[in-house]
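Notes to accompany the following structure.
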Amino acid sequence: MSLFTRSRQRPDTDKAPMEEGPAPDGSPERTADDTAVSGEPAGEPSADADASVTGGRWRDKYPDTARAVAWGTTALAVLLVLCALLLPNQLGRLTPEAFLRIPVEGICGAALLLVLPPRARRVSAVLAGVCLGLVTILNFLDMGFYWSLARPFDLVLDWILFDDAESFLTDSVGRTGAVSAVIGIVVLVVGLLVLVTLAVVRLSNLMVRHRSVATRTTLVLGTAWITFTALGVQIAGVPVASRSTAELAQVRAHQVRAGIKDEREFAKEAGVDSFASTPPDQLLTGLRGKDVIFAFIESYGRSAVEDPEMAPQVTATLAAGTERLRKAGFSSRSAFLTSPTAGGGSWLAHSTFMSGLWIKNQQRYRSVTSSDHMTLTGAFRRTGAWRTVGIMPGVTRSWPEGHFYGLDNVYDSKELGYKGPKFSWAPVPDQYSLSAFQRLEHGRKHDKPLMSEIILVSSHNPWAPLPRMIGWDELGDGSVFKAISKEGKTPGEVWKDPHKVRTEYHRSVEYSVNSLVSFVEKYGNDNTVLVFLGDHQPVPIVTGENASRDVPIAIVAHDKRVLDRMSGWGWNDGLKPGPKAPVWRMDTFRNRFLTTYGSKGPGVATAGADASGPSRPSRPSSSTGPTESAR
């Protein structure tokens, strides 16, 4: 039997009346108002009277059971409505104290339903139930977004992300698992909407049947709410008088207005570009002849180098990398950038870094990538002095944004020649991606130097299983990683324990950093310039609540004149930025970089070989394998 089945009172006047309390089915007694609303003449049975009588036979036979079911169903309805009204929108606030509050929305709603006429009351109860169900769903969405992206769900701008979430599920658990998950979510959403609506309707009917008790209870609770508000009464730091649902509704309304307004504001911001009219021969003159690599390390955030649980291992890797590069003739400088996103949304960080615009949501991303705004990588192409390429192992389908970034050629996951297994979400291990870059572009002779954008994805969650460093001459077509993948942990093993999650996260960062350092050691040359940075912080289970959005960035070069030009930046020596290292917003980097290495930057003399000359061959390396393997 449904928890919210509705039936009429059996027309049997010979039976003694039941004791006071909810009717066995929780429905109101038939009143004159109900007759008027239904449009049926008084005393004339309704079309479903026979069904009601039939349904009531078991209640007559088992009155105690029927009464228990009625009380239980009503209790469940009360519990469901209260939980929906008091449900916080962040997992960190999901505590017992959060549900020991008095919701003002429930008091106001009860008062309104008590004074409305029958027809308006029923319609209002249904609408209130649907709205409360939708608010509950939005709260659950907020929980998921705070957990993964450290921000609430945006009603205007975030719907597109569900497509990306479905793709992530497909990549992680397969098509069947993803479809099953989507079906399950849809069923839960519909079920929640229906149950909350039926619960509100049931309680509305109950209040009308016991109008005097409901009125007194509403007045008492209203008085208590006002008193607790005035006195500021709290339980474990949580106010007893709650108005969270109303406040969240106000936030949603403001969010919608801000999202609509943001589109106009961003159009104005994007229309201003101080380098749009700069002649090509004045762009990037301080890097002519250099092979410039921009590499993003997935989820490489400030917490990796400062969190007490993870920093010792990552710091040791960076210190060792700094020393290895120094022995190979390279110097490095580092600092922090503040990313527009956290936990995910890598493409927002990539586009912010390259465009010099603050791309904080999908609407801005679509706007900028469909424009002709000059990116940092596009500036290299505009000069005509570089061949521009992209290594994109995370791209598994059509990627038209390659044109926006000014890349002559883009190698996605299918074009890298990888025949090994995926490592959970990551389609290609970082070391193999860099090996493919060497084979396809960096190791070949060109009539121009290279400017490359490389996305390293092995540090993408769920960080299990993880690849490890092997000899560069052992990589082959990647089949060697099949055994390594089988040796690794599974996401299920890791995500049972937050400590294990953090451990595997910092191991993944160490692997990515080691891959880059080892690549520069083996294949770097006098003209190599490497800029590598994180795109965003990892998910809050790794960083904790209220972590910054800062990410480390480092510049590595063999030619000291490259680093001399940026001496005024105040960056720290080495790959690891210190706690007092400069922190810039990520969107400011493009203009600083173009200014410093442009014709009007410090040290105007060209810092490298003639732009028309070929790239220099890789410096010989005495090592054919990794100098430091990840665990």
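Residue numbers start at 1 in each chain; chains themselves are named A, B, ... in the order of the structure tokens; ligands are numbered from 1 in the order shown.
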With 8 Å as the cut-off and only C-alpha atoms counted, what is the closest atom pair between each nearby residue of region 138-228 of chain A and region 236-250 of chain A? Distances in Å to one decimal, ordered by chain and number, as a tab-separated table.
```
residue	atom	partner	partner_atom	distance
A:Trp225	CA	A:Ala241	CA	5.3
A:Ile226	CA	A:Ala241	CA	7.7
A:Phe228	CA	A:Ala241	CA	5.8
```
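If only C-alpha atoms are the atoms counted, then among A:Val189, A:Ile555, A:Ile455, A:Leu287 the closest residue to Gly598 (chain A) is A:Leu287.
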Write out as an MDAnalysis selection string all residues of region 503-589 of chain A that backbone DSSP assigns to strand (DSSP E or B). chainID A and resid 528:534 550:557 572:573 583:585
Convert the current residue selection to file output with N, CA, C and O atoms, as a compact mmCIF listing (two decimals), in the first residue's frame.
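Result file part.txt:
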```txt
# COMPACT_ATOMS: atom_id res chain seq x y z
N THR A 528 65.52 25.39 -24.61
CA THR A 528 64.29 24.96 -23.94
C THR A 528 63.86 25.95 -22.87
O THR A 528 64.65 26.35 -22.01
N VAL A 529 62.58 26.34 -22.93
CA VAL A 529 61.94 27.15 -21.89
C VAL A 529 60.65 26.43 -21.49
O VAL A 529 59.78 26.20 -22.33
N LEU A 530 60.56 26.06 -20.23
CA LEU A 530 59.39 25.34 -19.74
C LEU A 530 58.65 26.19 -18.71
O LEU A 530 59.25 26.66 -17.74
N VAL A 531 57.35 26.37 -18.94
CA VAL A 531 56.47 27.02 -17.96
C VAL A 531 55.47 25.95 -17.54
O VAL A 531 54.68 25.49 -18.36
N PHE A 532 55.50 25.54 -16.28
CA PHE A 532 54.51 24.54 -15.86
C PHE A 532 53.81 25.00 -14.59
O PHE A 532 54.39 25.66 -13.73
N LEU A 533 52.54 24.65 -14.50
CA LEU A 533 51.69 25.12 -13.41
C LEU A 533 50.55 24.16 -13.17
O LEU A 533 50.23 23.30 -14.02
N GLY A 534 49.92 24.30 -12.04
CA GLY A 534 48.69 23.57 -11.78
C GLY A 534 47.51 24.31 -12.38
O GLY A 534 47.57 25.52 -12.60
N ASP A 550 44.90 28.88 -4.89
CA ASP A 550 46.23 29.11 -5.46
C ASP A 550 46.83 27.83 -6.02
O ASP A 550 46.61 26.73 -5.49
N VAL A 551 47.61 27.98 -7.09
CA VAL A 551 48.33 26.86 -7.70
C VAL A 551 49.78 27.29 -7.92
O VAL A 551 50.06 28.44 -8.21
N PRO A 552 50.74 26.36 -7.78
CA PRO A 552 52.14 26.70 -8.05
C PRO A 552 52.38 26.88 -9.54
O PRO A 552 51.73 26.24 -10.38
N ILE A 553 53.34 27.74 -9.86
CA ILE A 553 53.79 27.91 -11.23
C ILE A 553 55.30 28.06 -11.20
O ILE A 553 55.86 28.64 -10.26
N ALA A 554 55.97 27.51 -12.20
CA ALA A 554 57.43 27.60 -12.27
C ALA A 554 57.85 27.84 -13.72
O ALA A 554 57.19 27.37 -14.66
N ILE A 555 58.94 28.58 -13.89
CA ILE A 555 59.54 28.79 -15.21
C ILE A 555 60.96 28.22 -15.16
O ILE A 555 61.73 28.53 -14.26
N VAL A 556 61.27 27.37 -16.13
CA VAL A 556 62.56 26.70 -16.21
C VAL A 556 63.22 27.08 -17.53
O VAL A 556 62.57 27.04 -18.59
N ALA A 557 64.48 27.45 -17.49
CA ALA A 557 65.19 27.83 -18.73
C ALA A 557 66.67 27.52 -18.59
O ALA A 557 67.25 27.59 -17.49
N ASN A 572 60.46 33.21 -6.40
CA ASN A 572 61.45 32.45 -5.64
C ASN A 572 62.32 31.60 -6.55
O ASN A 572 61.89 31.17 -7.63
N ASP A 573 63.55 31.33 -6.11
CA ASP A 573 64.42 30.40 -6.83
C ASP A 573 63.92 28.97 -6.62
O ASP A 573 63.44 28.61 -5.55
N VAL A 583 51.74 36.07 -5.23
CA VAL A 583 50.50 35.43 -5.67
C VAL A 583 49.81 36.38 -6.64
O VAL A 583 49.42 37.48 -6.26
N TRP A 584 49.67 35.94 -7.89
CA TRP A 584 48.97 36.73 -8.90
C TRP A 584 47.67 36.04 -9.27
O TRP A 584 47.57 34.81 -9.22
N ARG A 585 46.69 36.83 -9.67
CA ARG A 585 45.51 36.21 -10.30
C ARG A 585 45.95 35.61 -11.63
O ARG A 585 46.76 36.17 -12.35
```
I want to know what sits within 10 Å of Val501 (chain A), based on only C-alpha atoms, with residues of the same chain fewer than 5 positions away left out; could you give that as a PDB file with C-alpha atoms, in the first residue's frame?
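The result, stored in out_15.pdb:
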```
ATOM      1  CA  ASN A 461      41.091  12.136  -9.612  1.00  0.00           C
ATOM      2  CA  PRO A 462      40.338   9.435  -8.539  1.00  0.00           C
ATOM      3  CA  TRP A 463      44.128   8.850  -8.399  1.00  0.00           C
ATOM      4  CA  ALA A 464      43.885   5.093  -8.627  1.00  0.00           C
ATOM      5  CA  PRO A 491      39.338   3.711  -6.645  1.00  0.00           C
ATOM      6  CA  GLU A 493      40.228   0.801  -2.151  1.00  0.00           C
ATOM      7  CA  VAL A 494      41.477   4.385  -2.033  1.00  0.00           C
ATOM      8  CA  TRP A 495      38.275   6.348  -1.493  1.00  0.00           C
ATOM      9  CA  LYS A 496      37.261   4.439   1.631  1.00  0.00           C
ATOM     10  CA  HIS A 506      50.392  13.556  -3.685  1.00  0.00           C
ATOM     11  CA  ARG A 507      51.905  10.485  -5.336  1.00  0.00           C
ATOM     12  CA  ILE A 541      38.447  15.900   0.606  1.00  0.00           C
ATOM     13  CA  VAL A 542      42.146  16.510  -0.132  1.00  0.00           C
TER      14      VAL A 542
END
```
Find the residues near region 79-81 of chain A: any atom within 8 Å, counting only C-alpha atoms, skip ones fewer than 5 places away on the same chain, and give them as a ChimeraX atom specification. /A:196,199-200
Take the residues from that selection and put them in a file with C-alpha atoms, as an mmCIF file, in the first residue's frame.
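Done, and the output landed in result.cif:
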```cif
data_model
loop_
_atom_site.group_PDB
_atom_site.id
_atom_site.type_symbol
_atom_site.label_atom_id
_atom_site.label_comp_id
_atom_site.auth_asym_id
_atom_site.auth_seq_id
_atom_site.Cartn_x
_atom_site.Cartn_y
_atom_site.Cartn_z
ATOM 1 C CA VAL A 196 7.787 15.409 -0.636
ATOM 2 C CA ALA A 199 3.942 14.448 2.445
ATOM 3 C CA VAL A 200 2.992 18.139 2.357
#
```
Report the distance between CA of Leu113 (chain A) and CA of Thr229 (chain A) in Å, rounded to one decimal place.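 These two atoms are separated by 23.7 Å.
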Residues of region 97-235 of chain A in alpha helix (DSSP H), written as number ranges by chain: A: 104-115, 118-149, 161-209, 211-231
Atoms to include: C-alpha atoms. Write the selected residues as an mmCIF file, in the first residue's frame.
```cif
data_model
loop_
_atom_site.group_PDB
_atom_site.id
_atom_site.type_symbol
_atom_site.label_atom_id
_atom_site.label_comp_id
_atom_site.auth_asym_id
_atom_site.auth_seq_id
_atom_site.Cartn_x
_atom_site.Cartn_y
_atom_site.Cartn_z
ATOM 1 C CA VAL A 104 10.255 29.541 9.921
ATOM 2 C CA GLU A 105 9.194 28.430 6.431
ATOM 3 C CA GLY A 106 7.237 25.544 7.933
ATOM 4 C CA ILE A 107 5.488 27.847 10.413
ATOM 5 C CA CYS A 108 4.500 30.348 7.732
ATOM 6 C CA GLY A 109 3.412 27.582 5.383
ATOM 7 C CA ALA A 110 1.224 25.956 8.055
ATOM 8 C CA ALA A 111 -0.401 29.294 8.909
ATOM 9 C CA LEU A 112 -1.173 29.961 5.260
ATOM 10 C CA LEU A 113 -2.681 26.527 4.662
ATOM 11 C CA LEU A 114 -4.905 26.854 7.734
ATOM 12 C CA VAL A 115 -6.568 30.060 6.500
ATOM 13 C CA PRO A 118 -10.281 24.064 0.522
ATOM 14 C CA ARG A 119 -9.566 24.350 -3.181
ATOM 15 C CA ALA A 120 -6.831 26.972 -2.774
ATOM 16 C CA ARG A 121 -5.396 25.000 0.143
ATOM 17 C CA ARG A 122 -5.035 21.815 -1.892
ATOM 18 C CA VAL A 123 -3.475 23.617 -4.847
ATOM 19 C CA SER A 124 -1.118 25.491 -2.522
ATOM 20 C CA ALA A 125 -0.137 22.287 -0.732
ATOM 21 C CA VAL A 126 0.794 20.638 -4.022
ATOM 22 C CA LEU A 127 2.766 23.677 -5.197
ATOM 23 C CA ALA A 128 4.520 23.960 -1.826
ATOM 24 C CA GLY A 129 5.446 20.282 -1.972
ATOM 25 C CA VAL A 130 6.863 20.567 -5.482
ATOM 26 C CA CYS A 131 8.850 23.700 -4.571
ATOM 27 C CA LEU A 132 10.184 22.099 -1.402
ATOM 28 C CA GLY A 133 11.181 19.026 -3.394
ATOM 29 C CA LEU A 134 13.020 21.183 -5.935
ATOM 30 C CA VAL A 135 14.822 23.094 -3.175
ATOM 31 C CA THR A 136 15.872 19.768 -1.653
ATOM 32 C CA ILE A 137 17.260 18.593 -4.997
ATOM 33 C CA LEU A 138 19.177 21.865 -5.361
ATOM 34 C CA ASN A 139 20.623 21.374 -1.882
ATOM 35 C CA PHE A 140 21.873 17.931 -2.892
ATOM 36 C CA LEU A 141 23.367 19.462 -6.049
ATOM 37 C CA ASP A 142 25.094 22.066 -3.887
ATOM 38 C CA MET A 143 26.550 19.291 -1.742
ATOM 39 C CA GLY A 144 27.993 17.635 -4.825
ATOM 40 C CA PHE A 145 29.375 20.888 -6.219
ATOM 41 C CA TYR A 146 30.887 21.952 -2.902
ATOM 42 C CA TRP A 147 32.452 18.510 -2.590
ATOM 43 C CA SER A 148 33.938 18.502 -6.086
ATOM 44 C CA LEU A 149 34.262 22.179 -7.129
ATOM 45 C CA LEU A 161 28.393 20.436 -16.705
ATOM 46 C CA PHE A 162 26.023 17.476 -16.461
ATOM 47 C CA ASP A 163 27.155 16.461 -19.921
ATOM 48 C CA ASP A 164 30.754 16.549 -18.721
ATOM 49 C CA ALA A 165 29.793 14.589 -15.611
ATOM 50 C CA GLU A 166 28.199 11.905 -17.781
ATOM 51 C CA SER A 167 31.356 11.767 -19.902
ATOM 52 C CA PHE A 168 33.476 11.456 -16.760
ATOM 53 C CA LEU A 169 31.304 8.578 -15.543
ATOM 54 C CA THR A 170 31.555 6.867 -18.924
ATOM 55 C CA ASP A 171 35.343 7.209 -18.922
ATOM 56 C CA SER A 172 35.600 5.990 -15.324
ATOM 57 C CA VAL A 173 33.076 3.129 -15.080
ATOM 58 C CA GLY A 174 32.098 2.418 -18.687
ATOM 59 C CA ARG A 175 28.992 3.153 -20.723
ATOM 60 C CA THR A 176 26.772 0.627 -18.943
ATOM 61 C CA GLY A 177 27.724 1.898 -15.500
ATOM 62 C CA ALA A 178 27.186 5.516 -16.571
ATOM 63 C CA VAL A 179 23.732 4.796 -18.033
ATOM 64 C CA SER A 180 22.747 2.888 -14.897
ATOM 65 C CA ALA A 181 23.896 5.786 -12.723
ATOM 66 C CA VAL A 182 21.934 8.310 -14.789
ATOM 67 C CA ILE A 183 18.780 6.180 -14.632
ATOM 68 C CA GLY A 184 19.182 5.794 -10.884
ATOM 69 C CA ILE A 185 19.590 9.546 -10.415
ATOM 70 C CA VAL A 186 16.483 10.294 -12.493
ATOM 71 C CA VAL A 187 14.442 7.798 -10.468
ATOM 72 C CA LEU A 188 15.661 9.344 -7.208
ATOM 73 C CA VAL A 189 14.844 12.867 -8.378
ATOM 74 C CA VAL A 190 11.316 11.967 -9.484
ATOM 75 C CA GLY A 191 10.750 9.889 -6.349
ATOM 76 C CA LEU A 192 11.886 12.710 -4.085
ATOM 77 C CA LEU A 193 9.599 15.220 -5.798
ATOM 78 C CA VAL A 194 6.596 12.892 -5.527
ATOM 79 C CA LEU A 195 7.206 11.868 -1.908
ATOM 80 C CA VAL A 196 7.787 15.409 -0.636
ATOM 81 C CA THR A 197 4.660 16.647 -2.428
ATOM 82 C CA LEU A 198 2.518 13.816 -1.023
ATOM 83 C CA ALA A 199 3.942 14.448 2.445
ATOM 84 C CA VAL A 200 2.992 18.139 2.357
ATOM 85 C CA VAL A 201 -0.520 17.300 1.098
ATOM 86 C CA ARG A 202 -0.998 14.708 3.840
ATOM 87 C CA LEU A 203 0.091 17.116 6.585
ATOM 88 C CA SER A 204 -2.153 19.813 5.130
ATOM 89 C CA ASN A 205 -5.140 17.488 5.379
ATOM 90 C CA LEU A 206 -4.165 16.502 8.912
ATOM 91 C CA MET A 207 -3.979 20.138 10.028
ATOM 92 C CA VAL A 208 -7.425 20.887 8.646
ATOM 93 C CA ARG A 209 -8.944 17.878 10.382
ATOM 94 C CA ARG A 211 -7.598 22.721 13.017
ATOM 95 C CA SER A 212 -7.679 23.904 16.633
ATOM 96 C CA VAL A 213 -4.647 21.838 17.660
ATOM 97 C CA ALA A 214 -2.763 22.855 14.503
ATOM 98 C CA THR A 215 -3.525 26.530 15.096
ATOM 99 C CA ARG A 216 -2.316 26.438 18.696
ATOM 100 C CA THR A 217 0.820 24.517 17.691
ATOM 101 C CA THR A 218 1.596 27.008 14.930
ATOM 102 C CA LEU A 219 1.221 29.953 17.319
ATOM 103 C CA VAL A 220 3.455 28.304 19.931
ATOM 104 C CA LEU A 221 6.164 27.471 17.391
ATOM 105 C CA GLY A 222 5.963 30.948 15.886
ATOM 106 C CA THR A 223 6.370 32.546 19.300
ATOM 107 C CA ALA A 224 9.273 30.218 20.088
ATOM 108 C CA TRP A 225 10.962 31.061 16.778
ATOM 109 C CA ILE A 226 10.718 34.801 17.444
ATOM 110 C CA THR A 227 12.037 34.342 20.980
ATOM 111 C CA PHE A 228 14.969 32.175 19.914
ATOM 112 C CA THR A 229 15.813 34.639 17.153
ATOM 113 C CA ALA A 230 15.794 37.590 19.545
ATOM 114 C CA LEU A 231 17.953 35.749 22.097
#
```
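When CA of Glu97 (chain A) is paired with CA of Arg151 (chain A), their separation reads 22.9 Å.
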Residues within 7 Å of Thr285 (chain A), only C-alpha atoms, excluding chain neighbours under 2 positions, as a PyMOL selection string: chain A and resi 282-283+287-288+597-599+606
Between A:Leu516, A:Met586, A:Leu325, A:Ile391, which residue has the minimum interatomic distance to Met354 (chain A), considering only C-alpha atoms?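 Of A:Leu516, A:Met586, A:Leu325, A:Ile391, the one nearest Met354 (chain A), counting only C-alpha atoms, is A:Met586.
Near Gly271 (chain A), within 12 Å and counting only C-alpha atoms, sit Arg264, Glu265, Phe266, Ala267, Lys268, Glu269, Asp273, Ser274, Phe275, Ala276, Ser355, Gly356, Leu357, Ser367, Val368, Ser371, Asp372, His373 and Met374 of chain A; same-chain residues fewer than 2 positions away were not included.
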Record the distance separating CA of Pro279 (chain A) and CA of Asp559 (chain A), expressed in Å with one decimal. 25.7 Å
I want to know what sits within 9 Å of Gly488 (chain A), based on only C-alpha atoms, with residues of the same chain fewer than 3 positions away left out; could you give that as a PyMOL selection string? chain A and resi 464-467+483-485
Find the residue from A:Gly478, A:Gly443, A:Pro582, A:Gly524 that sits nearest to Trp569 (chain A); use only C-alpha atoms when measuring.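 Result for the nearest residue to Trp569 (chain A): A:Pro582.
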